[in-house]
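Participant: Here it is, the structure, as structure tokens.
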Amino acid sequence: MKKQIFTIVFSAILMINAYGKNVESLNNSNWSVVISGNTKLILKLQLKGDNFKLVSRKGSTKDILGPKYSIARVLGKVNKYTIEIKGDYYTSNDTIFLKGRYESLTSKQDFDGYIINNTIEAKLTSNSLTGNLVDKFEPQRDYYSITKAAIDTTEQYLYNPTLLESSEWSMFKEKVLALSKVVVDDYEFTKIFNYNGTTLPFTHFGLVQPTVNTNTQTEKSSNDKPDKQPEKFNIKTIDSKTILFTVKSFSASADEIIPYIDSLKAKTFENLIIDLRDNSGGTIASALPLTQYLVNDTLFGGAFITQKYFRNHNEMPKTESYKNFPLFSEASFSLIIDGIHKQEGLCLIVYPDSDNFKGNLYVLTNRNTASTCEPLVYGLKNTGRATIVGETTYGAMLNGEKFQINEDFILWTPTADYYTADGSRIDKIGVEPNVSVEPVNALTKTLEIIN
């Protein structure tokens with residue numbers, strides 16, 4: 001009996017020692033993982049005591065930020081790794097359980113995962129991570145070829161070919177092509193490409209990856225409520241004379257915003273405040289019905305100038321000739337794209353709604369008010385129709401289009417420049433308010449103006 005007990009205990013000790021050695025062998029091991037369903041990462045696992053780290057390539061953040069890295073690092077704003085997952089771990093049977101915190105340059109999430117049979121799976125606050133043990137810490141794709149394809153596509157479709165002769169474009173090409181031979185995963189690759197793209201004299205440019213549904217939650221019961229969608233529009237009565245209409249995004253269809261406009265039409269009030277703070281834009285489909293409701297007279301919204309124009313002319317068109325371009329007044333993105341690829345320019349025109357708002361109009365803005373919002377803000381300000389309160393808008397107004405580079409990457413590149421009716425350019429500049437105030441105080445200031 002004693003011999004049997006000794007044998008069992010001895011065998012257990014051998015198994016524990018064997019597994020302990022197996023865990024120890026995973027220290028500094030390499031893991032090829034996928035996050036968000038399609039973003040490939042290569043991470044190194046570090047084990048020390050009861051703590052673990054999963055980190056991306058050392059120096060990757062420095063490659064992204066360049067000269068700005070040192071100051072950002074001293075100020076504690078960035079890590080030397082673009083991705084760092086750290087926390088505690090413990091073992092049970094043949095499984096290593098990991099619990100900690102995921103941090104990247106753009107996100108912080110809880111991390112809860114496990115390693116078994118040389119595979120890793122984890123749930124994060126907003127997405128999931130899966131992968132397996134690999135021998136080498138090496139690039140997950142041919143990033144040089146992807147970079148070259150993105151550059152070639154830009155040079156084919158960019159709205160103004162003369163920009164390709166600029167020093168900014170030459171420096172961008174040289175830098176991203178060189179770094180594409182150094183990067184090892186999708187995250188640092190897109191960050192390097194897009195961050196360096198901010199040095200160019202235009203916006204609406206960068207690489208993105210197609211969105212993949214990565215819902216890893218267990219099946220919901222019939223009693224579970226669906227996830228609440230972010231609210232795009234909201235109407236609030238301030239008092240009997242004043243209404244606040246908050247528009248968080250123009251990424252909506254006309255059918256989504258029109259019921260809110262109809263609701264405003266059914267009310268009686270004197271002052272309308274449109275809150276566009278933190279509205280990053282969207283499509284003309286939802287912006288046009290709102291603009292039609294707000295203007296009292298026909299509004300010429302400026303012009304999109306296309307590559308065809310820049311190839312045929314050496315000078316910019318006179319503002320009075322904008323109206324010679326085909327007039328565009330329909331809420332259709334596809335019609336705009338069709339015109340941009342066939343015409344030298346398109347002139348935007350907005351006709352007032354038959355039941356438009358005729359009272360006092362105020363618009364709230366901040367530095368995140370961008371894209372589709374900006375011609376609206378500029379037009380209402382320039383014609384004296386509205387008082388703009390807040391801070392200068394972002395300055396991102398071009399026509400951007402998507403081009404498929406391969407099955408894993410999409411390139412956004414601008415295919416038409418935009419100029420206001422009086423010949424001003426908004427891109428990289430923004431629209432200044434009539435009343436400059438900290439955005440958090442913009443509503444309070446507007447109510448003071450009204451009263």
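Each chain of the structure tokens is named A, B, ... in the order shown, its residues numbered from 1; ligands are numbered from 1 in display order.
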Step one, run DSSP on the backbone; step two, keep only residues of region 194-415 of chain A assigned to strand (DSSP E or B); then write them as an MDAnalysis selection string.
Facilitator: chainID A and resid 206:208 233:239 242:247 250 271:275 282 299:306 327:328 345:350 360:365 387:390 399:404 410:415
Participant: May I have the residues within 9 Å of Ser56 (chain A) as a PyMOL selection string, using only C-alpha atoms and disregarding those fewer than 4 positions away in the same chain?
Facilitator: chain A and resi 41-44+60+81-84+184-185+188
Participant: Can you write just those residues out, N, CA and C atoms, as a PDB file, in the first residue's frame?
Facilitator:
ATOM      1  N   LEU A  41      -0.802  39.979 -35.838  1.00  0.00           N
ATOM      2  CA  LEU A  41       0.236  40.486 -34.946  1.00  0.00           C
ATOM      3  C   LEU A  41       1.267  39.398 -34.697  1.00  0.00           C
ATOM      4  N   ILE A  42       2.487  39.808 -34.397  1.00  0.00           N
ATOM      5  CA  ILE A  42       3.500  38.872 -33.920  1.00  0.00           C
ATOM      6  C   ILE A  42       3.956  39.402 -32.561  1.00  0.00           C
ATOM      7  N   LEU A  43       3.796  38.574 -31.510  1.00  0.00           N
ATOM      8  CA  LEU A  43       4.068  39.001 -30.142  1.00  0.00           C
ATOM      9  C   LEU A  43       5.040  38.048 -29.467  1.00  0.00           C
ATOM     10  N   LYS A  44       5.838  38.569 -28.549  1.00  0.00           N
ATOM     11  CA  LYS A  44       6.772  37.755 -27.775  1.00  0.00           C
ATOM     12  C   LYS A  44       6.231  37.614 -26.357  1.00  0.00           C
ATOM     13  N   SER A  60       9.138  49.596 -32.215  1.00  0.00           N
ATOM     14  CA  SER A  60       8.121  49.855 -33.235  1.00  0.00           C
ATOM     15  C   SER A  60       7.482  51.233 -33.054  1.00  0.00           C
ATOM     16  N   TYR A  81       6.765  49.650 -27.026  1.00  0.00           N
ATOM     17  CA  TYR A  81       6.080  48.653 -27.849  1.00  0.00           C
ATOM     18  C   TYR A  81       4.753  49.237 -28.327  1.00  0.00           C
ATOM     19  N   THR A  82       4.395  49.012 -29.580  1.00  0.00           N
ATOM     20  CA  THR A  82       3.091  49.489 -30.037  1.00  0.00           C
ATOM     21  C   THR A  82       1.966  48.736 -29.339  1.00  0.00           C
ATOM     22  N   ILE A  83       2.231  47.486 -28.973  1.00  0.00           N
ATOM     23  CA  ILE A  83       1.254  46.697 -28.220  1.00  0.00           C
ATOM     24  C   ILE A  83       1.954  46.021 -27.049  1.00  0.00           C
ATOM     25  N   GLU A  84       1.355  46.154 -25.867  1.00  0.00           N
ATOM     26  CA  GLU A  84       1.875  45.482 -24.683  1.00  0.00           C
ATOM     27  C   GLU A  84       0.691  44.939 -23.879  1.00  0.00           C
ATOM     28  N   VAL A 184       6.796  44.207 -38.785  1.00  0.00           N
ATOM     29  CA  VAL A 184       6.543  42.767 -38.740  1.00  0.00           C
ATOM     30  C   VAL A 184       5.075  42.396 -38.603  1.00  0.00           C
ATOM     31  N   ASP A 185       4.202  43.390 -38.318  1.00  0.00           N
ATOM     32  CA  ASP A 185       2.785  43.012 -38.239  1.00  0.00           C
ATOM     33  C   ASP A 185       1.880  44.133 -38.741  1.00  0.00           C
ATOM     34  N   GLU A 188       1.492  47.792 -36.553  1.00  0.00           N
ATOM     35  CA  GLU A 188       2.544  48.797 -36.698  1.00  0.00           C
ATOM     36  C   GLU A 188       2.667  49.259 -38.148  1.00  0.00           C
TER      37      GLU A 188
END
Participant: Excluding region 88-92 of chain A and residues on its chain fewer than 6 positions from it, collect all residues at most 12 Å away from it, counting only C-alpha atoms, and give them as a list of chain:residue names.
Facilitator: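 Non-adjacent residues within range: A:Ile16, A:Tyr19, A:Gly20, A:Asn22, A:Val23, A:Glu24, A:Leu45, A:Gln46, A:Leu47, A:Lys48, A:Gly49, A:Asp50, A:Asn51, A:Phe52, A:Lys53, A:Leu54, A:Leu98, A:Lys99, A:Gly100, A:Arg101, A:Phe111, A:Asp112, A:Gly113, A:Tyr114, A:Ile115, A:Ile116.
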Participant: Can you tell me, as a VMD selection string, what residues are no more than 7 Å from Leu348 (chain A) when counting only C-alpha atoms, ignoring any on the same chain fewer than 6 positions away?
Facilitator: chain A and resid 300 to 303 327 to 329
Participant: Could you tell me which of A:Val134, A:Leu75, A:Ala285, A:Ala150 comes closest to Thr413 (chain A) if we count only C-alpha atoms?
Facilitator: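 Looking at the shortest contact to Thr413 (chain A), the residue is A:Ala150.
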Participant: Could you go through region 156-390 of chain A and tell me which residues DSSP, when run on the backbone, assigns to helix (DSSP H, G or I), listing them as a ChimeraX atom specification?
Facilitator: /A:156-157,161-165,167-179,186-197,254-265,284-294,307-312,319-324,333-342,373-382
Participant: Between A:Leu207, A:Ile429, A:Val363, A:Ala252, which has the minimum distance to Lys445 (chain A) (counting only C-alpha atoms)?
Facilitator: A:Val363
Participant: So how many Å separate CA of Ser371 (chain A) and CA of Tyr69 (chain A), to one decimal?
Facilitator: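 Value for the CA of Ser371 (chain A)-CA of Tyr69 (chain A) distance: 28.9 Å.
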Participant: Which residue out of A:Ser354, A:Gln109, A:Ser286, A:Asn314 has the minimum interatomic distance to Ala254 (chain A) when only C-alpha atoms are used?
Facilitator: A:Ser286
Participant: For a quick check of understanding, using only C-alpha atoms, which of A:Ala287, A:Glu320, A:Ile71, A:Ile120 has the smallest distance to Phe97 (chain A)?
Facilitator: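 Looking only at the distances to Phe97 (chain A), the closest residue turns out to be A:Ile120.
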Participant: Pick from A:Ile85, A:Leu380, A:Ile258, A:Val295: nearest to Ala421 (chain A), with only C-alpha atoms counted?
Facilitator: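 Closest to Ala421 (chain A) of all the choices is A:Leu380.
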Participant: Per residue of region 128-175 of chain A within 9 Å of region 387-410 of chain A, what are the shortest atom pair and its distance in Å to one decimal, counting only C-alpha atoms, with rows by chain and residue number, as CSV?
Facilitator:
residue,atom,partner,partner_atom,distance
A:Ile146,CA,A:Ile405,CA,7.1
A:Ala149,CA,A:Ile405,CA,6.5
A:Ala150,CA,A:Ile405,CA,6.4
A:Thr153,CA,A:Phe403,CA,7.8
Participant: Selection from above, N, CA and C atoms, as a PDB file, in the first residue's frame, can you write it?
Facilitator:
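Output file part_9.pdb follows:
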ATOM      1  N   ILE A 146       2.790  45.554 -50.383  1.00  0.00           N
ATOM      2  CA  ILE A 146       1.533  46.248 -50.081  1.00  0.00           C
ATOM      3  C   ILE A 146       1.750  47.757 -50.141  1.00  0.00           C
ATOM      4  N   ALA A 149       2.041  48.894 -53.758  1.00  0.00           N
ATOM      5  CA  ALA A 149       0.737  48.900 -54.413  1.00  0.00           C
ATOM      6  C   ALA A 149      -0.085  50.109 -53.984  1.00  0.00           C
ATOM      7  N   ALA A 150      -0.012  50.461 -52.693  1.00  0.00           N
ATOM      8  CA  ALA A 150      -0.750  51.630 -52.199  1.00  0.00           C
ATOM      9  C   ALA A 150      -0.212  52.917 -52.820  1.00  0.00           C
ATOM     10  N   THR A 153      -1.337  53.098 -56.500  1.00  0.00           N
ATOM     11  CA  THR A 153      -2.764  53.436 -56.598  1.00  0.00           C
ATOM     12  C   THR A 153      -2.977  54.921 -56.341  1.00  0.00           C
TER      13      THR A 153
END
Participant: Quick one: distance from CA of Ile337 (chain A) to CA of Phe325 (chain A) in Å, one decimal?
Facilitator: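 CA of Ile337 (chain A) sits 14.6 Å away from CA of Phe325 (chain A).
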Participant: With a distance cut-off of 10 Å and only C-alpha atoms, select the neighbouring residues of Lys175 (chain A), excluding the residue or stretch itself and same-chain residues fewer than 4 positions from it, and output the selection as a ChimeraX atom specification.
Facilitator: /A:63,169-171,179-180,192-193,196
Participant: Between A:Pro352, A:Gly359, A:Gly59, A:Gly423, which has the minimum distance to Met316 (chain A) (counting only C-alpha atoms)?
Facilitator: A:Gly423
Participant: For Leu361 (chain A), find every residue with an atom within 12 Å (counting only C-alpha atoms), except residues of its own chain fewer than 2 positions away, and show them as a ChimeraX atom specification.
Facilitator: /A:242-245,269-275,291,293-296,356-359,363-364,377,380-381,384-389,446-447,449-450
